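Notes follow the structure.
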Amino acid sequence: MPKPLIGISANEKSISNDIPIVHLSSSRNFADGVRKAGGLPVYLPVSSEVEAEDYINAIDALILTGGQDIDPRFYGQTPLSNETAYFPDRDRFELALLSNALKMNKPVLAVCRGMQLVNVLLGGDLYQDIPNHSQGLPLGTYHHIEVKESSQIATLFQTGSSVNSVHHQAIRKLGRGLIATAHDPRDGIIEAIELVGYPLLGVQWHPEFLIEESPNNQALFDYLVKKV
């Protein structure tokens, strides 16, 4: 039996400011988590919205990864940052990936920016900047979470579980059909979401950097692969 093919959204990164060579950029840890879960990882380069449908047809499940801020114009706000901080082509492509995944009932794991993208697609919006929330590098943990009982995330994490934190944006108004299933007890920031009646989990932290030290975080990848 072939292994489930898990698509992982990739960012882009220039190798230097003065050399016009662009590499795909996404943590190898995502592939490690997928392999440990029994899946076959494949990274999806930023492409057209039309090709997004082809990618979703080809894969069995989708991981939306972290990265730069989503352009606020996608959720009806005026940007607070310099426009060079955004990558609208990536936003459009990943919104198309997600839209097609939902139409085709493909399981989704959305991480950090990815969770925020889910919220934007479904009509929610974001806080563009929240202070004192990032620990810097996502190595080790930073704060605890409070988990909603009887949620999907509660089968993997419990209240008091520790997570990392590298984000300065967060969900403000929840999108259609979404429920918040974990919060940061320090300030109430949403740390996990689910889509009612759908195999989708979104987490605001970066589980890919914690899979070696935390079975709970590897369990997110296991959950995704098992849902195929």
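Labels used: A, B, ... for chains in the order of the structure tokens, numbers from 1 for residues in each chain, and numbers from 1 for ligands as shown.
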
Next item on the list: For Asn164 of chain A, list every protein, DNA or RNA residue within 9 Å, evaluated using only C-alpha atoms, and leave out those in the same chain fewer than 2 positions away; present the list as a list in words.
Entry: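 The residues satisfying every condition are Ser134, Gln135, Leu137, Pro138, Leu139, Gly140, Thr141, Tyr142, His143, His144, Ser162, Val166, Gln204, Trp205, His206, Pro207, Phe209 and Leu210 of chain A.
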
Checklist line | Selection near segment 61-72 of chain A, 7 Å with only C-alpha atoms, sequence-local residues under 3 positions removed, as a list of chain:residue names | finding: A:Leu5, A:Ile6, A:Gly7, A:Ile8, A:Ser9, A:Tyr75, A:Gly76, A:Gln77, A:Thr78, A:Pro79, A:Ala85, A:Tyr86, A:Pro88, A:Asp91, A:Lys106, A:Pro107, A:Val108, A:Leu109, A:Ala110, A:Val111, A:Cys112, A:Arg113, A:Gly114, A:Val228

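When DSSP is run on the backbone, the residues of segment 139-176 of chain A that fall into strand (DSSP E) are A:His143, A:His144, A:Glu146, A:Val147, A:Ser162, A:Val163, A:Ala170, A:Ile171.
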
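For the atom pair formed by atom CA of Glu146 of chain A and atom CA of Val118 of chain A, the distance is 21.0 Å, given to one decimal.
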
Next item on the list: Mind checking which residues fall within 9 Å of Asn119 of chain A, counting only C-alpha atoms, ignoring those fewer than 5 positions away in the same chain, and posting them as a PyMOL selection string?
Entry: chain A and resi 114+124-126+171+173-176+178+193

Checklist line | Expected answer as number ranges by chain: alpha helix (DSSP H) residues in segment 28-203 of chain A | finding: A: 28-36, 49-58, 88-103, 113-121

Could you name the residues that touch Ile189 of chain A at 8 Å or less, counting only C-alpha atoms, but leaving out those on the same chain fewer than 4 positions away, as a PDB file with N, CA, C and O atoms, in the first residue's frame?
ATOM      1  N   ALA A 170      -1.916  37.427  15.658  1.00  0.00           N
ATOM      2  CA  ALA A 170      -2.803  36.417  16.223  1.00  0.00           C
ATOM      3  C   ALA A 170      -4.208  36.603  15.681  1.00  0.00           C
ATOM      4  O   ALA A 170      -4.569  37.668  15.168  1.00  0.00           O
ATOM      5  N   ILE A 171      -5.016  35.565  15.819  1.00  0.00           N
ATOM      6  CA  ILE A 171      -6.414  35.636  15.412  1.00  0.00           C
ATOM      7  C   ILE A 171      -7.165  36.618  16.308  1.00  0.00           C
ATOM      8  O   ILE A 171      -7.046  36.580  17.531  1.00  0.00           O
ATOM      9  N   HIS A 183      -5.941  28.306  24.333  1.00  0.00           N
ATOM     10  CA  HIS A 183      -5.611  29.714  24.527  1.00  0.00           C
ATOM     11  C   HIS A 183      -4.318  29.836  25.340  1.00  0.00           C
ATOM     12  O   HIS A 183      -3.938  28.917  26.065  1.00  0.00           O
ATOM     13  N   ASP A 184      -3.689  30.987  25.233  1.00  0.00           N
ATOM     14  CA  ASP A 184      -2.573  31.347  26.093  1.00  0.00           C
ATOM     15  C   ASP A 184      -3.179  31.955  27.363  1.00  0.00           C
ATOM     16  O   ASP A 184      -3.858  32.981  27.289  1.00  0.00           O
ATOM     17  N   PRO A 185      -2.965  31.356  28.537  1.00  0.00           N
ATOM     18  CA  PRO A 185      -3.594  31.868  29.754  1.00  0.00           C
ATOM     19  C   PRO A 185      -3.089  33.243  30.171  1.00  0.00           C
ATOM     20  O   PRO A 185      -3.737  33.925  30.962  1.00  0.00           O
TER      21      PRO A 185
END

Margin query: Just want the 9 Å neighbourhood of segment 33-38 of chain A, counted on only C-alpha atoms, with same-chain residues fewer than 6 positions away dropped. Output as a ChimeraX atom specification.
Written below: /A:3-4,6,208,211,217-226

Export of prior selection with C-alpha atoms as a PDB file, in the first residue's frame:
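As written to disk, result-v1.pdb reads:
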ATOM      1  CA  LYS A   3       2.289   5.881   1.797  1.00  0.00           C
ATOM      2  CA  PRO A   4      -0.015   8.920   2.060  1.00  0.00           C
ATOM      3  CA  ILE A   6       1.530  14.944   2.408  1.00  0.00           C
ATOM      4  CA  GLU A 208       7.903  20.781  13.981  1.00  0.00           C
ATOM      5  CA  ILE A 211       8.831  16.612  17.755  1.00  0.00           C
ATOM      6  CA  ASN A 217       3.800  17.515  18.955  1.00  0.00           C
ATOM      7  CA  GLN A 218       4.721  14.479  16.862  1.00  0.00           C
ATOM      8  CA  ALA A 219       1.154  13.332  17.492  1.00  0.00           C
ATOM      9  CA  LEU A 220      -0.095  16.289  15.420  1.00  0.00           C
ATOM     10  CA  PHE A 221       1.647  14.799  12.383  1.00  0.00           C
ATOM     11  CA  ASP A 222       0.390  11.329  13.297  1.00  0.00           C
ATOM     12  CA  TYR A 223      -3.150  12.724  13.524  1.00  0.00           C
ATOM     13  CA  LEU A 224      -2.900  14.260  10.050  1.00  0.00           C
ATOM     14  CA  VAL A 225      -1.607  11.093   8.380  1.00  0.00           C
ATOM     15  CA  LYS A 226      -4.189   8.898  10.108  1.00  0.00           C
TER      16      LYS A 226
END

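Close contacts of Arg92 of chain A, defined as residues with an atom at most 12 Å away when counting only C-alpha atoms, with chain neighbours fewer than 3 positions off set aside, comprise Val46, Ser47, Ser48, Glu49, Val50, Glu51, Ala52, Ile70, Asp71, Arg73, Phe74, Tyr86, Phe87, Pro88, Asp89, Leu95, Ala96, Leu97, Leu98, Ser99, Leu117, Val120 and Leu121 of chain A.
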
Notebook entry, point to check: Which is closest to Gly202 of chain A among A:Met115, A:Ala180, A:Ile153, A:Ile130, if we use only C-alpha atoms?
Noted result: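 Closest to Gly202 of chain A, using only C-alpha atoms: A:Met115.
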
Notebook entry, point to check: Taking only C-alpha atoms into account, which of A:Val196, A:Ile179, A:Ile56, A:Ala154 comes nearest Glu94 of chain A?
Noted result: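 Counting only C-alpha atoms, the residue closest to Glu94 of chain A is A:Ile56.
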
Checklist line | Separation of atom CA of Asp187 of chain A from atom CA of Ser161 of chain A in Å | finding: 16.2 Å
